[in-house]
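Undergrad: What follows is the file my_file03.cif, containing mmCIF, C-alpha atoms and all ligand atoms:
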```cif
data_coords
#
loop_
_atom_site.label_atom_id
_atom_site.label_comp_id
_atom_site.auth_asym_id
_atom_site.auth_seq_id
_atom_site.Cartn_x
_atom_site.Cartn_y
_atom_site.Cartn_z
CA MET J 20 36.14 -37.38 61.91
CA ASP J 21 35.75 -36.93 65.64
CA ALA J 22 37.97 -39.69 67.09
CA ALA J 23 35.94 -39.65 70.26
CA LEU J 24 32.90 -40.81 68.28
CA ALA J 25 34.60 -44.10 67.46
CA ASP J 26 35.59 -44.51 71.11
CA ARG J 27 32.08 -43.83 72.39
CA LEU J 28 30.56 -46.23 69.87
CA ALA J 29 33.03 -48.96 70.80
CA ALA J 30 32.41 -48.40 74.51
CA VAL J 31 28.63 -48.67 74.08
CA ASP J 32 28.99 -51.78 71.97
CA ALA J 33 31.21 -53.36 74.62
CA ARG J 34 28.54 -52.60 77.24
CA ILE J 35 25.87 -54.12 75.00
CA THR J 36 27.93 -57.30 74.61
CA GLU J 37 28.54 -57.47 78.35
CA ALA J 38 24.88 -56.95 79.22
CA ALA J 39 23.78 -59.54 76.67
CA ARG J 40 26.23 -62.13 77.95
CA GLY J 41 25.17 -61.37 81.51
CA ALA J 42 21.59 -62.09 80.52
CA GLY J 43 22.56 -65.29 78.69
CA ARG J 44 21.75 -63.72 75.33
CA ASP J 45 23.58 -63.60 72.03
CA PRO J 46 24.66 -59.98 71.37
CA ALA J 47 24.22 -60.63 67.65
CA GLU J 48 20.44 -60.80 68.09
CA ILE J 49 20.35 -57.18 69.34
CA THR J 50 20.11 -54.24 66.90
CA ARG J 51 21.75 -51.05 68.10
CA ILE J 52 20.07 -48.03 66.54
CA VAL J 53 22.01 -44.77 66.81
CA VAL J 54 19.68 -41.82 67.42
CA THR J 55 21.05 -38.82 65.50
CA LYS J 56 18.21 -36.32 66.04
CA PHE J 57 19.24 -32.63 66.06
CA HIS J 58 22.76 -33.50 64.86
CA PRO J 59 23.99 -32.49 61.42
CA VAL J 60 23.73 -35.05 58.67
CA SER J 61 27.54 -35.30 58.52
CA LEU J 62 27.32 -37.33 61.73
CA ILE J 63 25.46 -40.02 59.80
CA THR J 64 28.30 -40.24 57.29
CA ASP J 65 30.79 -40.63 60.14
CA LEU J 66 28.68 -43.31 61.82
CA TYR J 67 28.31 -45.12 58.52
CA ALA J 68 32.10 -45.21 58.13
CA LEU J 69 32.23 -46.84 61.58
CA GLY J 70 29.84 -49.57 60.46
CA VAL J 71 26.55 -48.20 61.79
CA ARG J 72 23.60 -49.16 59.59
CA ASP J 73 20.60 -48.34 61.81
CA ILE J 74 19.73 -44.68 62.32
CA GLY J 75 16.92 -43.26 64.49
CA GLU J 76 15.19 -39.90 64.04
CA ASN J 77 12.16 -38.48 65.80
CA ARG J 78 10.95 -35.66 63.56
CA GLN J 79 9.43 -36.13 60.13
CA GLN J 80 11.07 -33.12 58.49
CA GLU J 81 14.48 -34.18 59.78
CA ILE J 82 14.28 -37.83 58.73
CA THR J 83 12.97 -36.81 55.31
CA ALA J 84 15.76 -34.30 54.72
CA LYS J 85 18.56 -36.47 56.06
CA ARG J 86 17.47 -39.51 54.15
CA ARG J 87 17.31 -37.51 50.94
CA GLU J 88 20.80 -36.11 51.57
CA ARG J 89 22.24 -39.55 52.32
CA GLU J 90 20.46 -41.50 49.58
CA GLN J 91 23.82 -42.87 48.39
CA LEU J 92 24.19 -44.79 51.69
CA ALA J 93 21.66 -47.23 50.34
CA ASP J 94 21.99 -49.94 53.00
CA LEU J 95 21.17 -47.65 55.92
CA ARG J 96 17.96 -48.54 57.73
CA TRP J 97 15.98 -45.54 58.93
CA HIS J 98 13.93 -45.86 62.11
CA PHE J 99 11.25 -43.29 62.87
CA ILE J 100 10.93 -43.10 66.67
CA GLY J 101 8.94 -39.87 67.17
CA GLN J 102 5.29 -39.02 67.50
CA ALA J 103 3.69 -39.57 64.13
CA GLN J 104 0.97 -37.20 62.94
CA THR J 105 -1.68 -38.46 60.56
CA ASN J 106 -1.19 -35.55 58.14
CA LYS J 107 2.52 -36.43 57.89
CA ALA J 108 1.95 -40.15 57.42
CA ARG J 109 2.88 -40.17 53.75
CA ALA J 110 6.21 -38.45 54.37
CA VAL J 111 6.96 -40.60 57.42
CA ARG J 112 6.27 -43.73 55.45
CA ALA J 113 8.39 -42.62 52.51
CA ALA J 114 11.39 -41.88 54.73
CA SER J 115 11.22 -44.86 57.10
CA ASP J 116 12.12 -48.53 57.01
CA VAL J 117 10.62 -49.05 60.44
CA VAL J 118 8.10 -46.86 62.31
CA HIS J 119 8.39 -47.47 66.07
CA SER J 120 5.56 -45.20 67.15
CA VAL J 121 2.21 -46.59 66.00
CA ASP J 122 0.04 -45.88 69.02
CA ARG J 123 -3.52 -45.52 67.73
CA PRO J 124 -5.68 -46.92 64.94
CA ARG J 125 -5.82 -43.58 63.13
CA ILE J 126 -2.08 -43.36 62.57
CA ALA J 127 -1.99 -46.97 61.44
CA ASP J 128 -4.81 -46.27 58.99
CA ALA J 129 -3.00 -43.17 57.68
CA LEU J 130 0.26 -45.08 57.17
CA HIS J 131 -1.69 -47.82 55.41
CA ALA J 132 -3.44 -45.33 53.15
CA ALA J 133 -0.04 -43.85 52.22
CA ALA J 134 1.32 -47.17 50.96
CA SER J 135 2.69 -47.62 47.49
CA GLY J 136 3.01 -51.37 47.16
CA ASP J 137 5.65 -52.09 49.78
CA VAL J 138 5.13 -53.44 53.29
CA LEU J 139 6.25 -51.26 56.20
CA ASP J 140 7.56 -52.71 59.48
CA VAL J 141 5.84 -51.11 62.47
CA LEU J 142 6.06 -51.35 66.24
CA LEU J 143 3.23 -50.56 68.64
CA GLN J 144 4.33 -47.88 71.07
CA VAL J 145 3.20 -48.48 74.65
CA ASN J 146 2.82 -45.73 77.26
CA LEU J 147 4.40 -47.03 80.48
CA THR J 148 3.65 -43.85 82.47
CA ASP J 149 0.51 -42.91 84.41
CA ASP J 150 0.09 -39.85 82.22
CA ALA J 151 -2.41 -40.66 79.47
CA GLY J 152 -1.22 -37.56 77.58
CA ARG J 153 2.13 -39.18 76.78
CA GLY J 154 2.67 -40.97 73.49
CA GLY J 155 1.74 -44.64 73.36
CA VAL J 156 -1.24 -46.89 73.73
CA SER J 157 -2.07 -47.99 77.26
CA PRO J 158 -0.88 -51.49 78.16
CA ALA J 159 -4.53 -52.53 78.36
CA GLY J 160 -5.13 -51.34 74.82
CA VAL J 161 -2.14 -52.86 73.07
CA GLU J 162 -3.74 -56.18 72.16
CA GLY J 163 -6.69 -54.43 70.54
CA LEU J 164 -4.37 -52.15 68.60
CA ALA J 165 -2.43 -55.19 67.39
CA ALA J 166 -5.65 -56.76 66.16
CA HIS J 167 -6.49 -53.57 64.26
CA VAL J 168 -3.07 -53.18 62.63
CA ARG J 169 -2.88 -56.87 61.75
CA GLU J 170 -5.74 -56.33 59.30
CA LEU J 171 -3.84 -53.63 57.36
CA ASP J 172 -1.92 -55.59 54.77
CA THR J 173 0.67 -52.92 53.95
CA LEU J 174 1.84 -52.84 57.58
CA ARG J 175 3.68 -55.63 59.33
CA VAL J 176 3.45 -55.62 63.11
CA ARG J 177 6.91 -56.55 64.36
CA GLY J 178 6.48 -55.92 68.09
CA VAL J 179 6.39 -53.18 70.71
CA MET J 180 8.31 -50.05 71.65
CA ALA J 181 8.45 -47.93 74.79
CA VAL J 182 10.38 -45.29 76.70
CA ALA J 183 10.85 -46.00 80.40
CA PRO J 184 9.24 -43.40 82.72
CA LEU J 185 11.65 -41.02 84.46
CA ASP J 186 10.23 -41.66 87.92
CA GLU J 187 10.42 -45.44 88.05
CA GLU J 188 13.07 -48.16 88.06
CA PRO J 189 13.54 -48.96 84.36
CA ALA J 190 13.66 -52.70 85.07
CA ARG J 191 10.17 -52.60 86.59
CA ALA J 192 8.75 -50.60 83.70
CA PHE J 193 10.38 -52.93 81.19
CA GLU J 194 8.72 -55.91 82.92
CA ARG J 195 5.37 -54.38 81.99
CA LEU J 196 6.59 -53.88 78.46
CA ARG J 197 7.51 -57.54 78.26
CA GLY J 198 3.95 -58.38 79.29
CA CYS J 199 2.73 -56.15 76.46
CA ALA J 200 5.04 -57.91 74.01
CA ASP J 201 3.52 -61.24 75.08
CA ALA J 202 0.01 -59.82 74.57
CA VAL J 203 0.89 -58.67 71.05
CA ARG J 204 2.30 -62.10 70.21
CA ARG J 205 -1.04 -63.68 71.11
CA VAL J 206 -2.46 -61.68 68.18
CA VAL J 207 0.57 -61.65 65.86
CA PRO J 208 2.72 -64.66 66.79
CA ASP J 209 5.83 -63.56 64.89
CA ALA J 210 5.90 -60.03 66.36
CA THR J 211 9.08 -60.66 68.34
CA TRP J 212 10.74 -57.26 68.38
CA ILE J 213 11.02 -55.18 71.56
CA SER J 214 12.39 -51.66 71.04
CA ALA J 215 13.55 -50.38 74.43
CA GLY J 216 16.65 -49.02 76.06
CA MET J 217 18.25 -45.59 75.69
CA THR J 218 21.50 -44.10 76.98
CA GLY J 219 20.41 -44.30 80.62
CA ASP J 220 18.81 -47.72 80.69
CA PHE J 221 19.93 -49.99 77.86
CA PRO J 222 21.55 -52.65 80.10
CA GLU J 223 18.22 -53.09 81.92
CA ALA J 224 16.41 -53.26 78.59
CA ILE J 225 18.77 -55.99 77.38
CA ALA J 226 18.17 -57.95 80.58
CA MET J 227 14.42 -57.75 79.94
CA GLY J 228 14.74 -59.01 76.36
CA ALA J 229 14.99 -55.90 74.19
CA THR J 230 15.86 -56.67 70.58
CA HIS J 231 16.28 -53.05 69.40
CA LEU J 232 18.11 -50.38 71.43
CA ARG J 233 17.70 -46.68 70.60
CA ILE J 234 20.88 -45.02 71.83
CA GLY J 235 21.65 -41.36 71.29
CA SER J 236 23.88 -39.24 73.48
CA ALA J 237 26.09 -42.05 74.84
CA ILE J 238 27.32 -42.45 71.27
CA THR J 239 26.81 -39.04 69.67
CA GLY J 240 27.73 -36.85 72.60
CA PRO J 241 25.35 -34.14 73.80
CA ARG J 242 22.67 -33.05 71.37
CA PRO J 243 22.81 -29.52 69.97
CA PRO J 244 19.83 -27.40 71.05
CA ARG J 245 16.62 -27.89 69.12
CA ASP J 246 15.94 -25.39 66.41
C1 LIG J 301 16.07 -39.19 71.78
C2 LIG J 301 15.46 -40.54 71.91
C3 LIG J 301 16.24 -41.67 72.25
C4 LIG J 301 17.72 -41.59 72.56
O1 LIG J 301 17.92 -40.91 73.76
P1 LIG J 301 19.35 -40.91 74.53
O2 LIG J 301 18.99 -40.75 75.95
O3 LIG J 301 20.13 -39.77 73.97
O4 LIG J 301 20.01 -42.23 74.27
C5 LIG J 301 15.61 -42.90 72.30
N1 LIG J 301 14.27 -43.03 72.04
C6 LIG J 301 13.50 -41.99 71.73
C7 LIG J 301 12.05 -42.21 71.49
C8 LIG J 301 14.06 -40.71 71.65
O5 LIG J 301 13.27 -39.67 71.34
#
```
In structure tokens, what does this structure look like?
Ligand SMILES: *Cc1c(COP(=O)(O)O)cnc(C)c1O
TA:
Amino acid sequence: MDAALADRLAAVDARITEAARGAGRDPAEITRIVVTKFHPVSLITDLYALGVRDIGENRQQEITAKRREREQLADLRWHFIGQAQTNKARAVRAASDVVHSVDRPRIADALHAAASGDVLDVLLQVNLTDDAGRGGVSPAGVEGLAAHVRELDTLRVRGVMAVAPLDEEPARAFERLRGCADAVRRVVPDATWISAGMTGDFPEAIAMGATHLRIGSAITGPRPPRD
């Protein structure tokens, strides 16, 4: 195994602990998801050996293939963090323990229709940019989306997810996300999860109250080019 991987993971975890303590929070209430997109599946085995149990992927084909190849690691939790397409909803659902990217009623309906008895944890993805073409429901629309998804009994709304815009202070953007999380809790009171914080901004996300961090390159090293 790449010894540097263990060092990078330990360094990130130390920064998470420090940021949590600085914010008066218990680090144990924060879930660190390692984003392994574009990396070979052997990386997941190495991370597992280091104690990682939460894995994030953003493409349906990749999460499906990797999960199938690592079926024996039965206590891994697989987080789907990419744009979900309605025609891939069945495969996304089958490969995911949590879907972070429900951003419109149609994808929620498709995930619901693909159910086979179990309940799927979902987060409502919020678009914090001014560009309506980006993934995510607008902050103004998040409460209505929560009300829609609440009625689908095979989906459990756990909270919100967002990516901070590139052209804004992450702390400011995350303040808006916290407002969205409050709005969702007016509709679904136990939806307490906030998925925010990546390599470049996870300390700010922790300060704002993030419960789930999605950290890639700070732990994995640079991503190989997309195929
Ligand atoms: C790739 C990705 C991440 C991780 O990004 P890093 O900057 O490498 O930490 C987090 N969230 C989403 C939605 C991603 O696509």
Undergrad: If we count all atoms listed in the file, what is near stretch 107-124 of chain J at a cut-off of 7 Å, once residues fewer than 2 positions away on the same chain are taken out, given as a VMD selection string?
TA: chain J and resid 79 82 to 83 86 96 to 105 126 to 130 133 139 to 145 155 to 156 164 167 180
Undergrad: Please report the interatomic distance between atom CA of J:Gly160 and atom CA of J:Ala215 in Å with one decimal.
TA: 18.7 Å
Undergrad: Find the residues around stretch 37-53 of chain J up to 7 Å (only C-alpha atoms counted), leave out those fewer than 2 positions away in its own chain, and share them as a PyMOL selection string.
TA: chain J and resi 33-35+55+73-75+222+225-226+230-235
Undergrad: Could you tell me how far atom CA of J:Gly228 lies from atom CA of J:Val31, in Å and to one decimal?
TA: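 Spanning atom CA of J:Gly228 to atom CA of J:Val31 is a straight-line distance of 17.5 Å.
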Undergrad: From the set J:Glu88, J:Glu162, J:Asp149, J:Asp94, which residue has the shortest atom-to-atom contact distance to J:Tyr67, counting only C-alpha atoms?
TA: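 Under the stated criterion, the closest residue is J:Asp94.
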Undergrad: What's the separation between atom CA of J:Lys56 and atom CA of J:Ala181, in Å to one decimal place?
TA: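 Taking atom CA of J:Lys56 as the start and atom CA of J:Ala181 as the end point, the length is 17.5 Å.
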